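This is entry.txt. It holds compact mmCIF, C-alpha atoms.
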```
# COMPACT_ATOMS: atom_id res chain seq x y z
CA MET A 1 53.11 -72.23 110.22
CA ILE A 2 55.05 -70.94 107.21
CA GLY A 3 53.33 -69.34 104.25
CA ILE A 4 55.16 -69.48 100.91
CA ILE A 5 54.43 -66.68 98.47
CA ASN A 6 53.18 -68.46 95.38
CA TYR A 7 53.84 -66.05 92.53
CA GLY A 8 55.25 -68.35 89.89
CA ALA A 9 58.91 -67.32 90.10
CA GLY A 10 60.85 -70.52 90.20
CA ASN A 11 60.89 -73.95 91.62
CA ILE A 12 59.53 -74.34 95.12
CA PHE A 13 59.65 -78.13 95.16
CA SER A 14 63.10 -78.15 96.81
CA LEU A 15 62.00 -75.63 99.43
CA THR A 16 58.87 -77.56 100.41
CA ALA A 17 60.89 -80.79 100.41
CA ALA A 18 63.36 -79.23 102.88
CA LEU A 19 60.51 -78.03 105.11
CA ASP A 20 58.97 -81.52 104.96
CA ARG A 21 62.28 -83.08 106.05
CA LEU A 22 62.42 -80.67 108.97
CA GLY A 23 58.82 -81.38 109.93
CA LEU A 24 57.89 -77.70 109.44
CA GLN A 25 54.35 -77.09 108.29
CA TYR A 26 53.64 -74.73 105.43
CA GLY A 27 51.02 -73.60 102.98
CA MET A 28 50.81 -71.47 99.83
CA VAL A 29 49.96 -67.78 99.87
CA ASN A 30 48.04 -66.51 96.83
CA THR A 31 45.93 -63.75 98.37
CA GLU A 32 46.15 -61.07 101.01
CA ALA A 33 43.79 -63.04 103.24
CA GLU A 34 46.08 -66.06 103.05
CA LEU A 35 49.01 -63.83 103.98
CA GLN A 36 47.36 -63.25 107.36
CA ALA A 37 46.86 -66.96 107.98
CA TYR A 38 50.54 -67.77 108.63
CA SER A 39 52.99 -66.87 111.37
CA HIS A 40 56.04 -66.78 109.06
CA ILE A 41 56.38 -65.91 105.37
CA ILE A 42 58.96 -67.11 102.81
CA ILE A 43 59.47 -65.35 99.48
CA PRO A 44 61.27 -67.83 97.20
CA GLY A 45 62.59 -66.98 93.75
CA VAL A 46 64.98 -67.85 90.97
CA GLY A 47 65.61 -66.30 87.59
CA HIS A 48 65.31 -62.65 86.58
CA ALA A 49 64.66 -60.17 89.42
CA GLY A 50 62.73 -57.76 87.19
CA ALA A 51 60.52 -60.55 85.86
CA ALA A 52 59.99 -61.86 89.39
CA MET A 53 58.95 -58.37 90.56
CA GLN A 54 56.43 -58.15 87.73
CA LYS A 55 54.94 -61.48 88.71
CA LEU A 56 54.77 -60.40 92.35
CA ARG A 57 52.98 -57.17 91.37
CA ALA A 58 50.47 -59.20 89.40
CA THR A 59 49.45 -61.03 92.58
CA GLY A 60 48.51 -57.77 94.32
CA LEU A 61 50.60 -58.82 97.31
CA VAL A 62 53.25 -56.08 97.11
CA GLU A 63 51.67 -53.62 99.54
CA PRO A 64 50.46 -56.23 102.02
CA ILE A 65 53.95 -57.77 102.10
CA CYS A 66 55.57 -54.39 102.77
CA LYS A 67 53.24 -53.87 105.74
CA LEU A 68 53.96 -57.23 107.37
CA THR A 69 55.27 -57.26 110.92
CA LYS A 70 55.71 -61.05 111.17
CA PRO A 71 59.03 -62.69 110.21
CA VAL A 72 59.63 -62.72 106.43
CA LEU A 73 62.48 -64.57 104.70
CA GLY A 74 63.46 -63.87 101.08
CA ILE A 75 65.56 -66.54 99.40
CA CYS A 76 67.91 -65.78 96.45
CA VAL A 77 65.86 -63.61 94.07
CA GLY A 78 63.30 -63.44 96.89
CA MET A 79 66.00 -61.64 98.92
CA GLN A 80 66.86 -59.34 96.05
CA LEU A 81 63.18 -58.34 95.85
CA LEU A 82 63.48 -56.87 99.35
CA THR A 83 66.02 -54.32 98.08
CA ALA A 84 65.25 -51.03 96.38
CA HIS A 85 66.67 -51.62 92.93
CA SER A 86 68.33 -54.23 90.74
CA GLU A 87 70.68 -53.67 87.84
CA GLU A 88 68.99 -56.71 86.31
CA GLY A 89 66.56 -55.11 83.89
CA ASP A 90 66.99 -51.77 85.76
CA SER A 91 64.13 -52.84 88.04
CA GLU A 92 62.46 -51.06 90.92
CA LEU A 93 61.91 -53.62 93.70
CA LEU A 94 60.07 -53.66 97.05
CA GLY A 95 62.45 -51.20 98.72
CA ILE A 96 61.96 -52.69 102.17
CA VAL A 97 65.73 -52.60 102.67
CA PRO A 98 67.38 -49.55 101.07
CA LEU A 99 70.10 -51.43 99.19
CA ASN A 100 71.03 -52.06 95.58
CA THR A 101 71.27 -55.38 93.77
CA ARG A 102 74.18 -55.25 91.36
CA LEU A 103 75.78 -57.30 88.59
CA PHE A 104 79.08 -59.05 89.36
CA ASP A 105 82.03 -57.27 87.82
CA LYS A 106 83.70 -59.50 85.20
CA SER A 107 86.80 -57.34 85.27
CA LEU A 108 87.61 -58.76 88.72
CA GLY A 109 88.54 -61.99 86.96
CA ILE A 110 85.62 -63.97 88.36
CA LYS A 111 83.26 -66.30 86.58
CA ILE A 112 79.58 -65.51 86.36
CA PRO A 113 77.34 -67.01 87.70
CA HIS A 114 78.80 -67.35 91.18
CA MET A 115 78.04 -71.04 91.53
CA GLY A 116 78.86 -73.42 94.34
CA TRP A 117 79.66 -73.56 98.04
CA ASN A 118 81.14 -70.44 99.60
CA THR A 119 82.17 -69.58 103.14
CA VAL A 120 79.75 -67.30 104.93
CA GLN A 121 80.88 -65.07 107.78
CA HIS A 122 77.89 -64.42 109.92
CA GLN A 123 77.32 -62.21 112.91
CA ASN A 124 75.40 -62.82 116.02
CA ASN A 125 71.91 -63.19 114.62
CA LEU A 126 69.01 -65.48 115.40
CA LEU A 127 68.93 -66.70 111.81
CA PHE A 128 72.42 -68.21 112.15
CA ASP A 129 72.00 -69.54 115.66
CA GLY A 130 73.99 -72.77 116.01
CA VAL A 131 75.50 -72.50 112.53
CA ASP A 132 79.29 -73.03 112.43
CA GLU A 133 81.35 -69.89 112.17
CA PHE A 134 82.80 -70.73 108.76
CA ALA A 135 79.90 -72.77 107.44
CA GLN A 136 79.50 -72.98 103.69
CA PHE A 137 76.28 -72.43 101.80
CA TYR A 138 75.27 -73.14 98.21
CA PHE A 139 75.05 -70.07 95.97
CA VAL A 140 73.97 -69.69 92.38
CA HIS A 141 73.43 -66.14 91.12
CA SER A 142 74.78 -63.46 88.79
CA TYR A 143 73.62 -60.40 90.76
CA PHE A 144 74.56 -59.57 94.34
CA ILE A 145 73.43 -57.28 97.14
CA GLU A 146 75.87 -54.53 98.04
CA TYR A 147 77.51 -54.79 101.43
CA LYS A 148 76.25 -52.24 103.97
CA PRO A 149 77.16 -53.06 107.57
CA ILE A 150 73.89 -51.66 108.92
CA PHE A 151 71.74 -54.31 107.23
CA ASP A 152 74.32 -57.07 106.82
CA ILE A 153 74.07 -60.14 109.04
CA ALA A 154 76.35 -62.36 106.94
CA SER A 155 78.86 -61.60 104.24
CA VAL A 156 80.69 -63.58 101.60
CA THR A 157 83.52 -62.81 99.22
CA TYR A 158 83.46 -63.46 95.50
CA GLY A 159 85.42 -60.87 93.56
CA ASN A 160 84.42 -58.43 96.27
CA ARG A 161 82.60 -58.66 99.55
CA PHE A 162 78.82 -58.64 99.43
CA SER A 163 75.87 -59.50 101.65
CA ALA A 164 75.02 -63.19 101.96
CA ALA A 165 72.22 -62.33 104.37
CA ILE A 166 70.46 -59.11 105.38
CA ASN A 167 68.02 -58.11 108.09
CA ARG A 168 65.85 -55.11 108.71
CA ASP A 169 63.27 -55.35 111.50
CA ASN A 170 61.20 -58.47 110.75
CA PHE A 171 62.54 -58.86 107.20
CA TYR A 172 65.35 -61.31 106.45
CA GLY A 173 66.99 -62.27 103.19
CA VAL A 174 69.55 -64.88 102.18
CA GLN A 175 71.31 -64.95 98.83
CA PHE A 176 72.24 -68.63 99.07
CA HIS A 177 69.82 -71.55 98.93
CA PRO A 178 69.33 -72.91 102.46
CA GLU A 179 67.21 -75.75 101.02
CA LYS A 180 70.30 -76.92 99.09
CA SER A 181 72.98 -76.14 101.66
CA GLY A 182 73.16 -79.37 103.61
CA ALA A 183 72.89 -79.35 107.40
CA ALA A 184 73.79 -75.65 107.75
CA GLY A 185 70.92 -74.66 105.49
CA GLU A 186 68.48 -76.85 107.36
CA GLN A 187 69.55 -75.28 110.64
CA LEU A 188 68.91 -71.84 109.18
CA LEU A 189 65.40 -72.74 108.03
CA LYS A 190 64.66 -74.17 111.45
CA ASN A 191 65.98 -70.98 113.08
CA PHE A 192 63.75 -68.86 110.88
CA SER A 193 60.70 -70.85 111.92
CA ASN A 194 61.58 -70.13 115.56
CA ILE A 195 61.91 -66.36 115.20
CA ASN A 196 59.03 -64.53 116.82
CA MET B 1 86.27 -68.59 99.48
CA LEU B 2 84.41 -70.47 96.78
CA SER B 3 85.13 -74.19 97.05
CA LYS B 4 86.10 -76.51 94.27
CA ARG B 5 83.28 -79.02 93.84
CA ILE B 6 83.43 -82.83 93.82
CA ILE B 7 80.62 -84.38 91.82
CA PRO B 8 79.79 -88.10 91.64
CA CYS B 9 77.89 -89.06 88.50
CA LEU B 10 75.21 -91.76 88.53
CA ASP B 11 73.77 -93.47 85.48
CA VAL B 12 70.07 -94.12 85.72
CA LYS B 13 67.80 -96.17 83.53
CA ASP B 14 64.02 -96.37 83.97
CA GLY B 15 64.34 -94.63 87.35
CA ARG B 16 67.00 -96.98 88.77
CA THR B 17 70.75 -96.56 88.96
CA VAL B 18 72.72 -98.94 86.81
CA LYS B 19 76.30 -100.22 87.05
CA GLY B 20 77.46 -102.10 90.09
CA ILE B 21 78.10 -100.07 93.16
CA ASN B 22 79.86 -101.56 96.13
CA PHE B 23 81.26 -98.86 98.34
CA VAL B 24 78.62 -99.01 101.01
CA ASP B 25 76.29 -101.49 102.50
CA LEU B 26 73.11 -100.63 100.68
CA ARG B 27 69.86 -102.45 101.03
CA ASP B 28 69.28 -101.85 97.35
CA ALA B 29 72.20 -100.76 95.18
CA GLY B 30 69.87 -99.62 92.43
CA ASP B 31 67.92 -97.11 94.48
CA PRO B 32 68.96 -93.60 93.34
CA VAL B 33 67.55 -92.00 96.47
CA GLU B 34 69.56 -94.14 98.82
CA LEU B 35 72.74 -93.66 96.79
CA ALA B 36 72.24 -89.92 96.53
CA ALA B 37 71.79 -89.68 100.29
CA GLN B 38 74.96 -91.71 100.87
CA TYR B 39 76.99 -89.42 98.63
CA ALA B 40 75.56 -86.31 100.26
CA GLN B 41 76.48 -87.70 103.65
CA GLN B 42 80.04 -88.39 102.48
CA GLY B 43 80.45 -84.77 101.46
CA ALA B 44 79.67 -84.74 97.74
CA ASP B 45 79.02 -81.12 96.77
CA GLU B 46 76.59 -81.88 94.00
CA LEU B 47 75.34 -84.89 92.05
CA VAL B 48 74.78 -85.55 88.38
CA PHE B 49 72.26 -88.11 87.19
CA LEU B 50 72.67 -89.24 83.63
CA ASP B 51 69.44 -90.72 82.37
CA ILE B 52 69.99 -93.40 79.75
CA THR B 53 66.34 -94.43 79.59
CA ALA B 54 65.74 -95.39 76.01
CA THR B 55 62.04 -94.98 75.49
CA HIS B 56 59.95 -91.88 75.69
CA GLU B 57 57.20 -93.57 77.72
CA LYS B 58 59.59 -94.40 80.50
CA ARG B 59 60.59 -90.75 80.96
CA LYS B 60 57.71 -90.50 83.39
CA THR B 61 59.57 -92.91 85.65
CA THR B 62 62.56 -90.57 85.50
CA ILE B 63 60.40 -87.64 86.61
CA GLU B 64 59.19 -89.68 89.58
CA MET B 65 62.78 -90.55 90.42
CA VAL B 66 63.82 -86.88 90.26
CA LYS B 67 61.00 -86.05 92.67
CA SER B 68 62.05 -88.68 95.19
CA VAL B 69 65.68 -87.56 94.97
CA ALA B 70 64.68 -83.91 95.47
CA ARG B 71 62.57 -84.85 98.48
CA GLN B 72 65.54 -86.48 100.20
CA LEU B 73 68.63 -84.63 99.00
CA ASN B 74 69.85 -81.44 100.70
CA ILE B 75 72.50 -80.64 98.08
CA PRO B 76 72.00 -79.59 94.45
CA PHE B 77 71.71 -82.02 91.58
CA THR B 78 71.72 -81.97 87.80
CA ILE B 79 69.91 -84.30 85.49
CA GLY B 80 70.95 -84.97 81.91
CA GLY B 81 70.07 -87.30 79.07
CA GLY B 82 67.35 -87.08 76.49
CA ILE B 83 66.40 -83.42 77.10
CA SER B 84 65.56 -81.81 73.79
CA SER B 85 62.90 -79.21 74.50
CA VAL B 86 61.88 -76.49 76.94
CA ALA B 87 58.95 -78.73 77.96
CA ASP B 88 61.34 -81.61 78.86
CA ALA B 89 63.38 -79.21 80.99
CA GLU B 90 60.34 -77.69 82.65
CA ALA B 91 59.07 -81.09 83.75
CA LEU B 92 62.42 -81.77 85.42
CA LEU B 93 62.58 -78.32 87.01
CA SER B 94 59.17 -78.68 88.60
CA ALA B 95 60.15 -82.15 89.79
CA GLY B 96 62.94 -80.50 91.78
CA ALA B 97 66.05 -80.67 89.57
CA ASP B 98 68.42 -77.75 90.16
CA LYS B 99 70.02 -77.90 86.74
CA ILE B 100 69.63 -79.82 83.53
CA SER B 101 72.41 -80.86 81.23
CA ILE B 102 71.98 -80.90 77.48
CA ASN B 103 74.31 -82.38 74.91
CA SER B 104 73.37 -83.73 71.46
CA ALA B 105 70.10 -81.79 71.27
CA ALA B 106 71.98 -78.51 71.74
CA VAL B 107 74.42 -79.33 68.94
CA ARG B 108 71.55 -80.18 66.60
CA ASN B 109 69.61 -77.08 67.67
CA PRO B 110 71.81 -74.45 69.35
CA VAL B 111 68.82 -72.14 69.80
CA LEU B 112 67.68 -74.58 72.49
CA ILE B 113 70.37 -73.12 74.78
CA GLU B 114 68.94 -69.63 74.30
CA ASP B 115 65.38 -70.83 74.85
CA LEU B 116 66.30 -72.64 78.06
CA ALA B 117 68.37 -69.74 79.41
CA ARG B 118 65.53 -67.32 78.71
CA ALA B 119 62.92 -69.57 80.30
CA PHE B 120 64.80 -70.67 83.42
CA GLY B 121 67.97 -68.57 83.73
CA VAL B 122 71.53 -69.43 82.72
CA GLN B 123 72.22 -71.09 86.09
CA PHE B 124 69.84 -73.88 85.09
CA VAL B 125 71.59 -74.77 81.83
CA VAL B 126 74.64 -77.04 81.84
CA LEU B 127 76.13 -77.82 78.45
CA ALA B 128 77.72 -81.27 78.35
CA VAL B 129 80.34 -81.80 75.66
CA ASP B 130 81.98 -85.11 74.74
CA THR B 131 85.24 -84.44 72.98
CA LYS B 132 87.82 -86.63 71.26
CA LEU B 133 91.02 -85.91 69.41
CA VAL B 134 90.65 -86.72 65.70
CA ASN B 135 93.66 -86.02 63.45
CA GLY B 136 95.00 -83.48 65.89
CA ARG B 137 91.69 -81.64 66.35
CA ASN B 138 89.36 -81.82 69.33
CA LEU B 139 85.97 -82.60 67.86
CA VAL B 140 82.53 -82.71 69.46
CA HIS B 141 80.96 -86.18 69.56
CA LEU B 142 77.26 -86.94 69.84
CA ASN B 143 74.98 -89.74 70.97
CA GLY B 144 77.06 -90.71 73.94
CA GLY B 145 80.26 -90.44 71.91
CA ARG B 146 79.24 -92.73 69.06
CA LEU B 147 78.89 -90.04 66.42
CA VAL B 148 81.68 -87.70 65.40
CA THR B 149 80.91 -84.19 64.13
CA ALA B 150 83.05 -81.66 62.30
CA ILE B 151 82.57 -79.13 65.10
CA GLU B 152 85.64 -78.01 67.02
CA THR B 153 85.13 -78.39 70.75
CA GLU B 154 86.60 -75.05 71.69
CA SER B 155 84.53 -72.98 69.28
CA TRP B 156 81.34 -74.88 70.21
CA ILE B 157 81.87 -74.12 73.88
CA LYS B 158 82.49 -70.42 73.16
CA ASP B 159 79.34 -70.33 71.05
CA ALA B 160 77.30 -72.05 73.77
CA GLU B 161 78.54 -69.58 76.39
CA THR B 162 77.38 -66.68 74.22
CA ARG B 163 73.99 -68.33 73.76
CA GLY B 164 73.44 -68.69 77.50
CA ALA B 165 74.98 -71.89 78.84
CA GLY B 166 75.64 -71.36 82.56
CA GLU B 167 78.19 -74.11 83.02
CA ILE B 168 80.24 -76.55 80.92
CA LEU B 169 80.63 -80.27 81.65
CA LEU B 170 83.54 -81.35 79.49
CA THR B 171 84.26 -85.06 79.08
CA SER B 172 87.44 -86.10 77.34
CA MET B 173 86.69 -89.39 75.60
CA ASP B 174 90.41 -89.97 75.16
CA HIS B 175 90.82 -89.98 78.92
CA ASP B 176 87.46 -91.42 79.98
CA GLY B 177 87.82 -94.93 81.40
CA THR B 178 91.62 -94.88 81.32
CA LYS B 179 92.04 -93.92 84.99
CA GLN B 180 95.19 -92.10 83.90
CA GLY B 181 94.04 -88.63 84.93
CA PHE B 182 91.98 -85.78 83.48
CA ASP B 183 92.88 -84.02 80.23
CA CYS B 184 94.44 -81.08 82.06
CA SER B 185 95.89 -79.32 79.04
CA LEU B 186 92.62 -79.26 77.10
CA LEU B 187 90.69 -78.24 80.20
CA ARG B 188 93.13 -75.43 80.90
CA LYS B 189 92.95 -74.19 77.32
CA ILE B 190 89.16 -74.07 77.37
CA ASN B 191 88.93 -72.73 80.91
CA ASP B 192 91.16 -69.79 79.96
CA ARG B 193 88.74 -68.80 77.20
CA ILE B 194 85.42 -68.90 79.01
CA ASN B 195 83.85 -66.95 81.85
CA ILE B 196 81.43 -69.61 83.15
CA PRO B 197 82.20 -72.53 85.47
CA ILE B 198 83.64 -75.71 83.99
CA ILE B 199 83.39 -79.27 85.30
CA ALA B 200 86.19 -81.67 84.37
CA SER B 201 85.18 -85.21 83.49
CA GLY B 202 86.92 -88.33 82.24
CA GLY B 203 90.04 -90.06 83.48
CA ALA B 204 89.92 -89.96 87.27
CA GLY B 205 91.78 -92.94 88.73
CA LYS B 206 93.27 -91.73 92.01
CA THR B 207 93.10 -88.76 94.36
CA ALA B 208 96.24 -87.19 92.87
CA HIS B 209 94.37 -86.75 89.58
CA PHE B 210 91.91 -84.42 91.27
CA THR B 211 94.70 -82.36 92.80
CA GLU B 212 96.31 -82.20 89.36
CA VAL B 213 93.21 -81.00 87.55
CA PHE B 214 92.46 -78.30 90.11
CA VAL B 215 96.06 -77.08 90.21
CA GLN B 216 96.85 -77.35 86.51
CA ALA B 217 93.54 -76.49 84.88
CA ASP B 218 91.94 -74.48 87.71
CA VAL B 219 88.56 -76.03 86.87
CA ASP B 220 85.60 -75.27 89.13
CA ALA B 221 84.55 -78.86 89.70
CA ALA B 222 85.59 -82.43 88.94
CA LEU B 223 83.23 -85.27 88.15
CA ALA B 224 83.78 -89.01 88.31
CA ALA B 225 81.72 -92.17 88.41
CA SER B 226 83.36 -95.54 88.89
CA VAL B 227 86.15 -94.50 91.28
CA PHE B 228 83.45 -93.30 93.65
CA HIS B 229 81.00 -96.13 93.06
CA TYR B 230 83.60 -98.83 93.65
CA GLY B 231 84.99 -97.12 96.70
CA GLU B 232 88.43 -96.68 95.12
CA ILE B 233 88.27 -93.04 96.16
CA LEU B 234 86.39 -92.00 99.26
CA ILE B 235 85.14 -88.44 99.19
CA PRO B 236 86.16 -87.49 102.76
CA GLU B 237 89.73 -88.67 102.11
CA LEU B 238 89.81 -86.97 98.73
CA LYS B 239 88.77 -83.69 100.31
CA GLN B 240 91.39 -83.98 103.06
CA GLU B 241 93.99 -84.53 100.37
CA LEU B 242 92.84 -81.51 98.35
CA ASN B 243 92.76 -79.43 101.51
CA ALA B 244 96.33 -80.46 102.28
CA HIS B 245 97.27 -79.11 98.85
CA HIS B 246 95.59 -75.78 99.68
CA ILE B 247 92.75 -76.36 97.24
CA PRO B 248 89.61 -74.82 98.75
CA VAL B 249 87.05 -77.54 99.47
CA ARG B 250 83.99 -77.89 101.64
CA LEU B 251 84.86 -80.06 104.62
CA GLN B 252 82.09 -81.66 106.60
CA SER B 253 81.86 -80.41 110.14
```

Let me see the file written as structure tokens.
Amino acid sequence: MIGIINYGAGNIFSLTAALDRLGLQYGMVNTEAELQAYSHIIIPGVGHAGAAMQKLRATGLVEPICKLTKPVLGICVGMQLLTAHSEEGDSELLGIVPLNTRLFDKSLGIKIPHMGWNTVQHQNNLLFDGVDEFAQFYFVHSYFIEYKPIFDIASVTYGNRFSAAINRDNFYGVQFHPEKSGAAGEQLLKNFSNIN
Amino acid sequence: MLSKRIIPCLDVKDGRTVKGINFVDLRDAGDPVELAAQYAQQGADELVFLDITATHEKRKTTIEMVKSVARQLNIPFTIGGGISSVADAEALLSAGADKISINSAAVRNPVLIEDLARAFGVQFVVLAVDTKLVNGRNLVHLNGGRLVTAIETESWIKDAETRGAGEILLTSMDHDGTKQGFDCSLLRKINDRINIPIIASGGAGKTAHFTEVFVQADVDAALAASVFHYGEILIPELKQELNAHHIPVRLQS
């Protein structure tokens, strides 16, 4: 059963709706004790990474999350929280994956936010099992996670190449919104629920 | 590569879609959930719901509708119409809307854009602009186009971008309903001056018009209503056509 970290950063209605459609059971995590009650954990998030980190700290869940050994999936800002630092508000984040979250470079002639469906090149990873090679996912964000092959499990190009999905041990993160990415996104959520 | 988006627009009133729709065999042509699902299945990249509910009391019905759409739909959607405060927007956000679109209220109170962007992020805030050529100047129109202002469209859009609009939905009233094609020159002019995505609206009559607007104005998305509702343009065929013209689109697998 999936536990969703309930820390007040963004709209989780779409996420729970997607899980409902897939018949995946879930509950809300507000305390450390509740964190232990689920087999899988999702960290959702939209908006400002620094503000989201502050809200997460306020829940007292930061340390317990870092110690988790069960599968954890960060979505959008929830993924950025897994990294060490964000240029958004010069914020220190969880640091579970030693990467930086950076602002898109306007001088590359791209619009910000990066909004819409983009092609994701994924590698052999359980999270993308059964997902088409050039599947598209829905993105909406102004900050991105730098591409480092060691943690990258899927990349995407907008201005430059960055990580669409990362993985370190039991921690996974996706920059796009699987709950809004049609069939490919639903497959990914299902895959996550099957990771042991 | 980032795809160009195709966006059907649905008018809703008191939680039901209005205007006849006859492109598919629906049990109930007024059910927004069923229609939304049909469009998603056809390959629409996003949907816009324009709420024309007149009375404040009936807004609750709209919220319920947004919830049912969000429960069923696996693509993003925007809701616009009658949003004039952060509280209005928040109710729609927690009901599952991905974005809200504001129009007249933002012109009357531009600070609303800043408040919304601060509260929910720029990606949540779409600024809709209805524009019409008056004595050689493109002027912003309010109240669904019935009221002309003295505000120049281009400067309003620049101002809104600075204040925190995340996307522009530009409807040319001169082209809307004509089925003669989008206002490519105006769209190009505005697109060249902003650094946020722009959705073209008004004038779609055939698939070639979509090719035109993506090639000539390089807009990020194109929106239409009746050509989709009446089945005059089918989204899978439209996307094949765009693909054949090397315009990046999301093709259903």

| Polymer residues at most 12 Å from stretch 98-104 of chain A, all atoms listed in the file, same-chain spacing of 5 or more positions, as a ChimeraX atom specification | /A:48-50,76-93,109-114,141-152,157-164,166-168,173,175 /B:195

| Pick from A:Val46, A:Ala154, A:Val29, A:Ile75, whichever lies nearest to A:Glu179 using all atoms listed in the file |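 The closest residue to A:Glu179 is A:Ile75.
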
| Residue contacts of stretch 140-142 of chain B (7 Å, only C-alpha atoms) excluding same-chain residues fewer than 3 positions away, as JSON, numbers by chain | {"B": [104, 129, 130, 131, 132, 145, 146, 147, 148, 149, 151, 152, 153]}

| said: With 10 Å as the limit and counting all atoms listed in the file, what residues in chain B lie close to chain A? Please list them as number ranges by chain. | reply: B: 1-5, 40-41, 43, 45-46, 67-77, 90, 93-98, 117-124, 166-167, 194-198, 220-221, 248-253

| task | Write out as number ranges by chain which residues come within 10 Å of B:Lys60 when counting only C-alpha atoms, dropping same-chain ones fewer than 6 positions away. | result | B: 14-15, 66, 91

Quick one: write out the picked residues with C-alpha atoms as a short mmCIF file (atom, residue, chain, number, x, y, z; two decimals), in the coordinates of the input?
```cif
data_model
loop_
_atom_site.label_atom_id
_atom_site.label_comp_id
_atom_site.auth_asym_id
_atom_site.auth_seq_id
_atom_site.Cartn_x
_atom_site.Cartn_y
_atom_site.Cartn_z
CA ASP B 14 64.02 -96.37 83.97
CA GLY B 15 64.34 -94.63 87.35
CA VAL B 66 63.82 -86.88 90.26
CA ALA B 91 59.07 -81.09 83.75
#
```

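Across the model, the gap from atom CA of B:Leu10 to atom CA of B:Thr211 is 22.1 Å.
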
| Between atom CA of B:Asp183 and atom CA of B:Leu169, what is the spacing in Å? | 12.9 Å

| request: Quote the spacing between atom CA of B:Ala160 and atom CA of B:Pro110 in Å to one decimal place. | output: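 If I compute the distance from atom CA of B:Ala160 to atom CA of B:Pro110, I get 7.4 Å.
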
| request: List the neighbours of stretch 106-109 of chain B out to 8 Å using only C-alpha atoms; skip same-chain residues closer than 3 positions along the sequence, and give me the result as number ranges by chain. | output: B: 84, 102-103, 112-113, 127

| said: Need the shell around stretch 212-214 of chain B: protein/DNA/RNA residues with any atom at most 12 Å away, counting all atoms listed in the file. Skip same-chain ones fewer than 6 positions apart. Format as a PyMOL selection string? | reply: chain B and resi 3-6+180-188+191+198-206+220-223+241-243+245-249
